[in-house]
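S.K.: Structure file query.txt, compact mmCIF, C-alpha atoms (C1' of nucleotides), is pasted below:
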```
# COMPACT_ATOMS: atom_id res chain seq x y z
CA MET A 209 81.76 18.40 22.96
CA LYS A 210 79.42 21.17 21.91
CA ARG A 211 76.03 19.71 22.49
CA GLN A 212 73.02 20.48 20.36
CA ASP A 213 70.21 22.59 21.65
CA PRO A 214 67.65 19.92 22.45
CA ASN A 215 65.04 22.07 20.79
CA ARG A 216 66.80 21.50 17.52
CA GLN A 217 67.94 17.95 18.01
CA LEU A 218 66.15 16.17 15.24
CA GLU A 219 65.34 13.00 17.11
CA PHE A 220 63.79 14.80 20.05
CA LEU A 221 61.93 17.25 17.92
CA LEU A 222 60.38 14.45 15.94
CA SER A 223 59.27 12.64 19.07
CA GLU A 224 57.77 15.78 20.47
CA VAL A 225 55.85 16.59 17.33
CA VAL A 226 54.45 13.09 17.14
CA ARG A 227 53.39 13.11 20.77
CA LEU A 228 51.51 16.33 20.20
CA GLN A 229 50.06 15.00 17.01
CA HIS A 230 48.73 11.86 18.63
CA ARG A 231 47.17 13.84 21.41
CA VAL A 232 45.46 16.29 19.09
CA TYR A 233 44.22 13.69 16.68
CA ASN A 234 43.01 11.31 19.31
CA GLN A 235 41.12 14.11 21.01
CA ARG A 236 39.43 15.01 17.77
CA PHE A 237 38.70 11.44 16.77
CA ARG A 238 37.36 10.52 20.16
CA ALA A 239 33.87 10.25 18.73
CA THR A 240 34.91 7.45 16.41
CA GLY A 241 36.64 5.52 19.15
CA LEU A 242 39.69 5.09 16.95
CA GLN A 243 43.34 5.83 17.54
CA GLN A 244 45.40 7.50 14.89
CA THR A 245 47.24 4.25 14.27
CA GLN A 246 44.03 2.37 13.73
CA VAL A 247 42.97 4.99 11.24
CA ALA A 248 46.29 4.61 9.48
CA ALA A 249 45.79 0.86 9.29
CA LEU A 250 42.30 1.30 7.88
CA ILE A 251 43.52 3.65 5.21
CA HIS A 252 46.24 1.26 4.21
CA LEU A 253 43.69 -1.51 3.94
CA ASP A 254 41.32 0.70 2.02
CA ARG A 255 43.77 0.84 -0.84
CA VAL A 256 44.99 -2.68 -1.28
CA GLU A 257 42.20 -5.24 -0.92
CA GLN A 258 44.06 -7.38 1.57
CA LEU A 259 47.27 -7.59 3.50
CA SER A 260 48.92 -10.09 5.79
CA GLN A 261 49.56 -8.93 9.31
CA THR A 262 53.27 -8.95 8.78
CA ASP A 263 52.90 -6.77 5.70
CA LEU A 264 50.72 -4.39 7.58
CA ALA A 265 53.17 -4.29 10.47
CA ALA A 266 55.95 -3.36 8.08
CA ARG A 267 53.90 -0.56 6.61
CA LEU A 268 53.05 0.87 9.98
CA GLY A 269 56.55 0.47 11.36
CA MET A 270 55.27 -1.70 14.19
CA ARG A 271 56.01 -5.17 15.46
CA LYS A 272 53.91 -8.17 14.69
CA ALA A 273 52.50 -8.53 18.18
CA ALA A 274 51.30 -4.97 18.41
CA THR A 275 49.83 -5.19 14.96
CA GLY A 276 47.88 -8.23 16.04
CA THR A 277 46.20 -6.46 18.93
CA LEU A 278 45.62 -3.43 16.74
CA ILE A 279 43.68 -5.60 14.33
CA ASP A 280 41.85 -7.31 17.17
CA GLY A 281 40.42 -3.90 17.99
CA LEU A 282 39.37 -3.13 14.45
CA GLU A 283 37.93 -6.58 13.98
CA GLY A 284 35.95 -6.23 17.20
CA LYS A 285 34.33 -3.14 15.77
CA GLY A 286 33.60 -4.93 12.52
CA LEU A 287 35.72 -2.60 10.44
CA VAL A 288 38.05 -5.30 9.27
CA GLU A 289 38.00 -9.03 8.58
CA ARG A 290 40.56 -11.77 8.98
CA ARG A 291 40.77 -14.80 6.76
CA ARG A 292 43.33 -17.58 6.87
CA GLY A 293 45.40 -17.74 3.71
CA ARG A 294 44.19 -20.49 1.41
CA GLU A 295 47.60 -21.39 0.06
CA ASP A 296 49.66 -20.59 3.10
CA ARG A 297 47.57 -21.30 6.12
CA ARG A 298 49.85 -19.43 8.45
CA LEU A 299 48.76 -16.14 6.95
CA GLN A 300 46.04 -13.98 8.40
CA LEU A 301 44.80 -11.94 5.49
CA VAL A 302 43.22 -8.76 6.67
CA SER A 303 40.75 -6.80 4.58
CA ILE A 304 38.52 -3.84 5.21
CA THR A 305 34.75 -4.23 5.45
CA ASP A 306 32.05 -1.95 4.13
CA ALA A 307 31.60 -0.56 7.61
CA GLY A 308 35.32 0.12 7.64
CA ARG A 309 35.09 1.96 4.35
CA ASP A 310 32.34 4.14 5.76
CA VAL A 311 34.51 5.04 8.71
CA VAL A 312 37.41 5.91 6.44
CA GLU A 313 35.11 8.19 4.53
CA ARG A 314 33.97 9.97 7.65
CA VAL A 315 37.43 10.20 9.13
CA ASP A 316 38.79 11.58 5.91
CA GLU A 317 36.43 14.48 6.16
CA MET A 318 37.40 15.22 9.72
CA ALA A 319 41.04 14.97 8.75
CA GLU A 320 40.44 17.50 6.04
CA GLY A 321 39.46 20.03 8.66
CA LEU A 322 42.38 19.22 10.91
CA ALA A 323 44.87 19.38 8.09
CA THR A 324 44.17 23.05 7.61
CA GLY A 325 45.43 23.99 11.03
CA TYR A 326 48.12 21.39 10.88
CA ARG A 327 49.73 22.73 7.74
CA ARG A 328 49.45 26.39 8.45
CA GLY A 329 52.52 28.29 7.36
CA ILE A 330 54.04 25.36 5.51
CA SER A 331 54.18 25.56 1.75
CA ARG A 332 53.41 22.79 -0.64
CA ASP A 333 57.04 22.58 -1.66
CA GLU A 334 58.11 22.28 1.91
CA ARG A 335 55.70 19.46 2.49
CA VAL A 336 57.05 17.59 -0.48
CA GLN A 337 60.57 18.15 0.79
CA LEU A 338 59.58 17.01 4.25
CA VAL A 339 58.07 13.80 2.98
CA SER A 340 61.12 13.08 0.90
CA ILE A 341 63.46 13.54 3.83
CA LEU A 342 61.30 11.49 6.15
CA GLN A 343 61.26 8.65 3.67
CA ARG A 344 65.03 8.57 3.67
CA LEU A 345 65.07 8.72 7.44
CA ARG A 346 62.72 5.78 7.51
CA GLU A 347 64.99 3.84 5.21
CA ASN A 348 67.94 4.54 7.47
CA LEU A 349 66.05 3.49 10.56
CA ARG A 350 64.84 0.29 8.96
CA ARG A 351 68.40 -0.60 8.18
CA MET A 352 69.50 0.14 11.71
CA ASP A 353 66.59 -1.85 13.10
CA VAL A 354 67.16 -5.08 11.25
CA ALA A 355 70.88 -4.71 11.79
CA SER A 356 70.39 -5.61 15.42
CA ALA A 357 67.08 -7.43 15.46
CA GLU A 358 67.96 -11.01 14.69
CA PRO A 359 65.72 -12.67 17.23
CA ASP A 360 62.13 -11.72 16.74
CA MET B 176 37.75 12.70 -2.74
CA LYS B 177 41.16 11.66 -4.01
CA ARG B 178 42.83 10.17 -0.99
CA GLN B 179 46.52 10.47 -0.30
CA ASP B 180 48.81 7.55 -0.57
CA PRO B 181 49.24 6.64 3.10
CA ASN B 182 52.93 6.30 2.49
CA ARG B 183 53.08 9.99 1.81
CA GLN B 184 50.53 11.21 4.30
CA LEU B 185 52.59 13.39 6.52
CA GLU B 186 50.95 12.48 9.80
CA PHE B 187 51.32 8.77 9.26
CA LEU B 188 54.82 9.02 7.97
CA LEU B 189 55.87 10.97 11.03
CA SER B 190 54.34 8.44 13.37
CA GLU B 191 56.03 5.61 11.57
CA VAL B 192 59.43 7.23 11.63
CA VAL B 193 59.15 7.95 15.32
CA ARG B 194 58.08 4.43 16.13
CA LEU B 195 61.11 3.09 14.32
CA GLN B 196 63.30 5.66 15.96
CA HIS B 197 62.18 4.74 19.45
CA ARG B 198 62.73 1.11 18.79
CA VAL B 199 66.22 1.57 17.40
CA TYR B 200 67.34 3.97 20.09
CA ASN B 201 65.89 1.99 22.93
CA GLN B 202 67.60 -1.13 21.66
CA ARG B 203 70.91 0.66 21.52
CA PHE B 204 70.51 2.39 24.85
CA ARG B 205 69.38 -0.76 26.60
CA ALA B 206 72.62 -0.88 28.52
CA THR B 207 71.90 2.44 30.19
CA GLY B 208 68.38 1.44 31.15
CA LEU B 209 67.06 4.71 29.76
CA GLN B 210 64.32 5.45 27.29
CA GLN B 211 64.81 8.01 24.59
CA THR B 212 62.41 10.34 26.35
CA GLN B 213 64.33 10.11 29.59
CA VAL B 214 67.49 10.96 27.72
CA ALA B 215 65.75 13.95 26.21
CA ALA B 216 64.69 15.12 29.65
CA LEU B 217 68.22 14.74 30.98
CA ILE B 218 69.64 16.76 28.15
CA HIS B 219 67.14 19.52 28.72
CA LEU B 220 68.05 19.58 32.36
CA ASP B 221 71.73 19.53 31.57
CA ARG B 222 71.42 22.94 29.97
CA VAL B 223 69.29 24.94 32.35
CA GLU B 224 70.17 24.30 35.98
CA GLN B 225 66.59 23.65 37.03
CA LEU B 226 63.08 23.38 35.68
CA SER B 227 59.65 22.91 37.13
CA GLN B 228 57.83 19.80 36.06
CA THR B 229 55.30 21.78 34.11
CA ASP B 230 58.07 23.55 32.24
CA LEU B 231 59.71 20.30 31.46
CA ALA B 232 56.42 18.81 30.33
CA ALA B 233 55.96 21.67 27.91
CA ARG B 234 59.42 21.18 26.48
CA LEU B 235 58.89 17.51 25.96
CA GLY B 236 55.40 17.88 24.58
CA MET B 237 53.99 15.65 27.30
CA ARG B 238 51.35 16.01 29.97
CA LYS B 239 52.09 16.76 33.57
CA ALA B 240 51.20 13.32 34.84
CA ALA B 241 53.43 11.48 32.42
CA THR B 242 56.24 13.88 33.13
CA GLY B 243 55.90 13.14 36.81
CA THR B 244 56.38 9.42 36.36
CA LEU B 245 59.20 10.06 33.92
CA ILE B 246 61.00 12.01 36.62
CA ASP B 247 60.21 9.38 39.20
CA GLY B 248 62.26 7.02 37.12
CA LEU B 249 65.20 9.37 36.75
CA GLU B 250 65.10 10.27 40.40
CA GLY B 251 65.07 6.61 41.36
CA LYS B 252 68.31 6.15 39.46
CA GLY B 253 69.79 9.21 41.12
CA LEU B 254 70.22 11.11 37.89
CA VAL B 255 67.97 13.93 38.91
CA GLU B 256 66.82 15.72 42.07
CA ARG B 257 63.56 17.30 43.12
CA ARG B 258 63.30 20.27 45.44
CA ARG B 259 60.19 22.11 46.49
CA GLY B 260 60.16 25.71 45.32
CA ARG B 261 61.12 28.07 48.12
CA GLU B 262 58.90 30.92 47.00
CA ASP B 263 56.13 28.91 45.47
CA ARG B 264 55.84 25.74 47.40
CA ARG B 265 53.70 24.06 44.79
CA LEU B 266 56.65 23.82 42.45
CA GLN B 267 58.82 20.78 42.12
CA LEU B 268 62.11 22.08 40.83
CA VAL B 269 64.01 19.39 39.00
CA SER B 270 67.74 19.53 38.47
CA ILE B 271 70.32 17.14 37.12
CA THR B 272 72.86 15.50 39.42
CA ASP B 273 76.51 14.78 38.77
CA ALA B 274 75.63 11.19 38.07
CA GLY B 275 73.10 12.47 35.58
CA ARG B 276 75.72 14.58 33.89
CA ASP B 277 77.95 11.56 33.55
CA VAL B 278 75.18 9.64 31.89
CA VAL B 279 74.53 12.48 29.49
CA GLU B 280 78.17 12.45 28.58
CA ARG B 281 78.15 8.74 27.89
CA VAL B 282 74.88 8.81 26.01
CA ASP B 283 76.08 11.66 23.88
CA GLU B 284 78.91 9.54 22.65
CA MET B 285 76.66 6.65 21.80
CA ALA B 286 74.30 9.03 20.05
CA GLU B 287 77.19 10.28 17.98
CA GLY B 288 77.63 6.82 16.55
CA LEU B 289 73.96 6.34 15.90
CA ALA B 290 73.60 9.71 14.23
CA THR B 291 75.89 8.62 11.43
CA GLY B 292 73.56 5.90 10.26
CA TYR B 293 70.55 8.00 11.05
CA ARG B 294 71.51 10.89 8.83
CA ARG B 295 72.86 8.97 5.92
CA GLY B 296 71.88 10.52 2.63
CA ILE B 297 70.51 13.69 4.19
CA SER B 298 72.44 16.87 3.67
CA ARG B 299 73.12 19.49 6.25
CA ASP B 300 70.83 21.93 4.49
CA GLU B 301 68.06 19.43 4.45
CA ARG B 302 68.41 18.87 8.14
CA VAL B 303 68.18 22.56 8.82
CA GLN B 304 65.12 22.74 6.63
CA LEU B 305 63.58 19.77 8.36
CA VAL B 306 64.05 21.28 11.77
CA SER B 307 62.53 24.52 10.66
CA ILE B 308 59.45 22.83 9.28
CA LEU B 309 59.05 20.64 12.33
CA GLN B 310 59.18 23.65 14.58
CA ARG B 311 56.32 25.22 12.68
CA LEU B 312 54.41 21.98 12.81
CA ARG B 313 54.94 21.94 16.55
CA GLU B 314 53.60 25.45 16.85
CA ASN B 315 50.51 24.51 14.90
CA LEU B 316 49.91 21.44 17.01
CA ARG B 317 50.33 23.33 20.23
CA ARG B 318 47.71 25.77 19.10
CA MET B 319 45.34 22.96 18.17
CA ASP B 320 46.00 21.24 21.47
CA VAL B 321 45.18 24.10 23.78
CA ALA B 322 42.31 25.06 21.55
CA SER B 323 40.39 22.08 22.83
CA ALA B 324 42.08 21.27 26.11
CA GLU B 325 40.37 23.48 28.62
CA PRO B 326 40.00 20.88 31.35
CA ASP B 327 43.30 19.48 32.35
C1' DC C 72 40.85 38.79 55.69
C1' DC C 73 38.12 35.18 53.31
C1' DT C 74 36.37 33.11 49.52
C1' DT C 75 36.84 31.91 44.78
C1' DT C 76 39.52 30.64 41.05
C1' DA C 77 43.88 29.40 38.92
C1' DT C 78 47.90 26.61 38.87
C1' DG C 79 51.48 22.80 40.09
C1' DG C 80 51.57 18.20 41.10
C1' DT C 81 49.90 13.34 42.11
C1' DA C 82 46.79 9.17 41.80
C1' DT C 83 44.24 6.07 39.03
C1' DG C 84 42.71 3.29 35.30
C1' DA C 85 42.95 2.61 30.35
C1' DC C 86 45.45 1.50 26.28
C1' DA C 87 49.37 1.15 22.84
C1' DT C 88 53.69 -0.74 21.98
C1' DC C 89 57.58 -3.40 23.12
C1' DA C 90 60.56 -7.63 23.90
C1' DT C 91 60.57 -12.23 24.59
C1' DA C 92 59.03 -16.65 24.20
C1' DC C 93 56.19 -19.80 22.10
C1' DC C 94 53.17 -22.51 18.58
C1' DA C 95 51.80 -23.61 13.77
C1' DT C 96 52.88 -24.03 9.19
C1' DC C 97 55.77 -23.99 5.24
C1' DT C 98 60.14 -25.11 2.60
C1' DG C 99 64.51 -27.01 1.23
C1' DG C 100 67.90 -30.36 1.60
C1' DA C 101 69.52 -35.08 3.17
C1' DT D 275 59.91 -38.69 2.98
C1' DC D 276 61.12 -36.36 6.76
C1' DC D 277 63.61 -33.35 9.51
C1' DA D 278 65.68 -28.56 10.37
C1' DG D 279 65.26 -24.15 9.84
C1' DA D 280 62.50 -20.13 8.35
C1' DT D 281 58.41 -17.50 8.71
C1' DG D 282 53.48 -15.94 10.29
C1' DG D 283 51.01 -15.28 14.25
C1' DT D 284 49.73 -15.27 19.33
C1' DA D 285 50.50 -14.95 24.45
C1' DT D 286 52.52 -12.65 28.25
C1' DG D 287 54.45 -9.21 31.19
C1' DA D 288 56.54 -4.61 31.32
C1' DT D 289 56.49 0.22 30.45
C1' DG D 290 55.12 4.80 28.59
C1' DT D 291 51.57 8.08 27.83
C1' DC D 292 46.97 9.56 28.17
C1' DA D 293 42.59 11.51 30.30
C1' DT D 294 40.32 12.35 34.28
C1' DA D 295 39.83 13.44 38.81
C1' DC D 296 41.78 15.05 42.82
C1' DC D 297 44.77 17.66 46.48
C1' DA D 298 47.75 21.56 47.90
C1' DT D 299 49.19 26.06 47.38
C1' DA D 300 48.91 30.62 45.45
C1' DA D 301 46.68 34.86 43.64
C1' DA D 302 42.91 38.03 43.08
C1' DG D 303 38.54 40.41 44.42
C1' DG D 304 35.05 41.49 47.62
```
Before we go any further, please render this structure as C-alpha cells.
M.R.:
Amino acid sequence: MKRQDPNRQLEFLLSEVVRLQHRVYNQRFRATGLQQTQVAALIHLDRVEQLSQTDLAARLGMRKAATGTLIDGLEGKGLVERRRGREDRRLQLVSITDAGRDVVERVDEMAEGLATGYRRGISRDERVQLVSILQRLRENLRRMDVASAEPD
Amino acid sequence: MKRQDPNRQLEFLLSEVVRLQHRVYNQRFRATGLQQTQVAALIHLDRVEQLSQTDLAARLGMRKAATGTLIDGLEGKGLVERRRGREDRRLQLVSITDAGRDVVERVDEMAEGLATGYRRGISRDERVQLVSILQRLRENLRRMDVASAEPD
DNA sequence: CCTTTATGGTATGACATCATACCATCTGGA
DNA sequence: TCCAGATGGTATGATGTCATACCATAAAGG
C-alpha cells in the first residue's frame, strides 16, 4: 500500500492551487466587490446573450441553488438582469447589462496584469496541454457526479 | 481585446474542476463524515509524525484560522491530537492517532476506486506533466499571495 | 533586564457552496 | 382533458474558508 506523497496527489494539489488562486484573485479584485466566481459568470454571460440559471450552473460546475444566490448578488449590483422565459415560464433567463459589460472590461484589464505572474515559467504549449487534460478531468467528474446524483 | 473562451480560461477551468471534485468526493466519503480537505490533512499527518498548525496550513494552502477549525473537527473525532510545544509553548503540535491511521487506510481504499473513474483517458505521462505544471502554478500563486498579504 | 516586534494560535463575522426539501410549470400518455 | 412525472427555480440550514482583530509567547536590541 505505497501511498502517494500528498504533495503530488493530483486531487489535493488541485484543491490547494484553487484555494490559493481564489485568495489571490479575491484580494486583487476587492475593489470591484466581486468574487472570482461572479466574474466567471459575468464573462460567460458576456459571450452568449442569455442563459438560463440551470445552463449557467452547468457551465460553472455549481448547483442550481448556489447559482441562484450568485445571480442574486450580481443582479443586486445591476450587472445582470433576469427575465422569465416567454415560452417556458419556469425559466429565468439571465443576461448581462451594460454596467456588467463595463465591469468585465475593467476586470479583464486587471486580469491581464495578474496573468503575467500567474503563468510565469509555464510555456504556451504547457498551458494548452493543461487545459486539455483539465477538460477530460471535468468530463470524468461530471460522469461520476450524475452517476450518484439522482435526487436533486 | 480578444477575450478568452471562458471554457478554456485556465483559472475558471481549475475552479470548476475543483468544485466538481469536492462534490463527488464528499458524496462518496459521506459515510466517513470527512471532507476532502480533512482527508488531505490526515494524509499529510500520516507521513510526518507531527506538524504545527502553521506548517499544516502552508501545506494545505489555507489560512491559520481555517486550519484551526479543520483540526478542531478531526480532534473531535479522535483522529488527531494536539500537544503544546515543549520548547516553544506557542506551538500546537498536531499528530495523527491510531484511529486516524485506520481511517486513512480505509479512505485510501475508497480513493483507489474513485481514482479509476477520475483518471480515465489520461495517461501516466500526462498526469506527471499535470502535477509538474500545477506545482509551478502553486509557486507562482504563493509568491503573489505573500506579495500583498503583509497583515495577517 | 525590559521593551518592542515577530510569530503561533484563536475568536468573530461574513460569504460561498452544499444537500435537501419544496413549489411552479411544462410535457407525455391514459 | 387531465394526471403523473420531469424539470427550473427558490428556501433553508449546515459547513468550510476568508479577513480581520486579538491574545500569548518568543526573540532581539537597547
S.K.: What does the distance between C1' of DT96 in chain C and CA of Arg297 in chain A come to in Å, to one decimal place?
M.R.: 6.7 Å
S.K.: So that I can see what lies close to DA77 in chain C, please list as an mmCIF file with C-alpha atoms (C1' of nucleotides), keeping the file's coordinate frame the residues with an atom at most 10 Å from it, counting only C-alpha atoms (C1' of nucleotides) and leaving out residues fewer than 3 positions away in the same chain.
M.R.:
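See out-v4.cif below for the written result:
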```cif
data_model
loop_
_atom_site.group_PDB
_atom_site.id
_atom_site.type_symbol
_atom_site.label_atom_id
_atom_site.label_comp_id
_atom_site.auth_asym_id
_atom_site.auth_seq_id
_atom_site.Cartn_x
_atom_site.Cartn_y
_atom_site.Cartn_z
ATOM 1 C "C1'" DA D 300 48.910 30.620 45.450
ATOM 2 C "C1'" DA D 301 46.680 34.860 43.640
ATOM 3 C "C1'" DA D 302 42.910 38.030 43.080
#
```
S.K.: Which residues of range 210-264 of chain B come within 9 Å of range 282-297 of chain D, and for each one, what is the closest pair of atoms and their distance in Å to one decimal, counting only C-alpha atoms (C1' of nucleotides), sorted by chain and residue number, as JSON lines?
M.R.:
```
{"residue": "B:Met237", "atom": "CA", "partner": "D:DT291", "partner_atom": "C1'", "distance": 8.0}
{"residue": "B:Arg238", "atom": "CA", "partner": "D:DC292", "partner_atom": "C1'", "distance": 8.0}
{"residue": "B:Ala240", "atom": "CA", "partner": "D:DC292", "partner_atom": "C1'", "distance": 8.7}
{"residue": "B:Ala241", "atom": "CA", "partner": "D:DT291", "partner_atom": "C1'", "distance": 6.0}
{"residue": "B:Leu245", "atom": "CA", "partner": "D:DG290", "partner_atom": "C1'", "distance": 8.5}
```
S.K.: Show me, as a list in words, the residues of chain C whose atoms get within 10 Å of chain A, using only C-alpha atoms (C1' of nucleotides) for the distance check.
M.R.: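 Per the criterion, chain C yields DC86, DA87, DT88, DC89, DA90, DT91, DA92, DA95, DT96 and DC97 of chain C.
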S.K.: Restricting the calculation to only C-alpha atoms, which member of B:Ala206, B:Val223, B:Val269, B:Leu235 is positioned closest to chain A?
M.R.: B:Leu235
S.K.: Counting all atoms listed in the file, a student should be able to say which residues of chain B come within 8 Å of chain A; what is the right answer, written as an MDAnalysis selection string?
M.R.: chainID B and resid 181 183 185:196 198:199 212 215 218:219 235:237 292:297 301:302 305:306 308:313 315:317 319:320
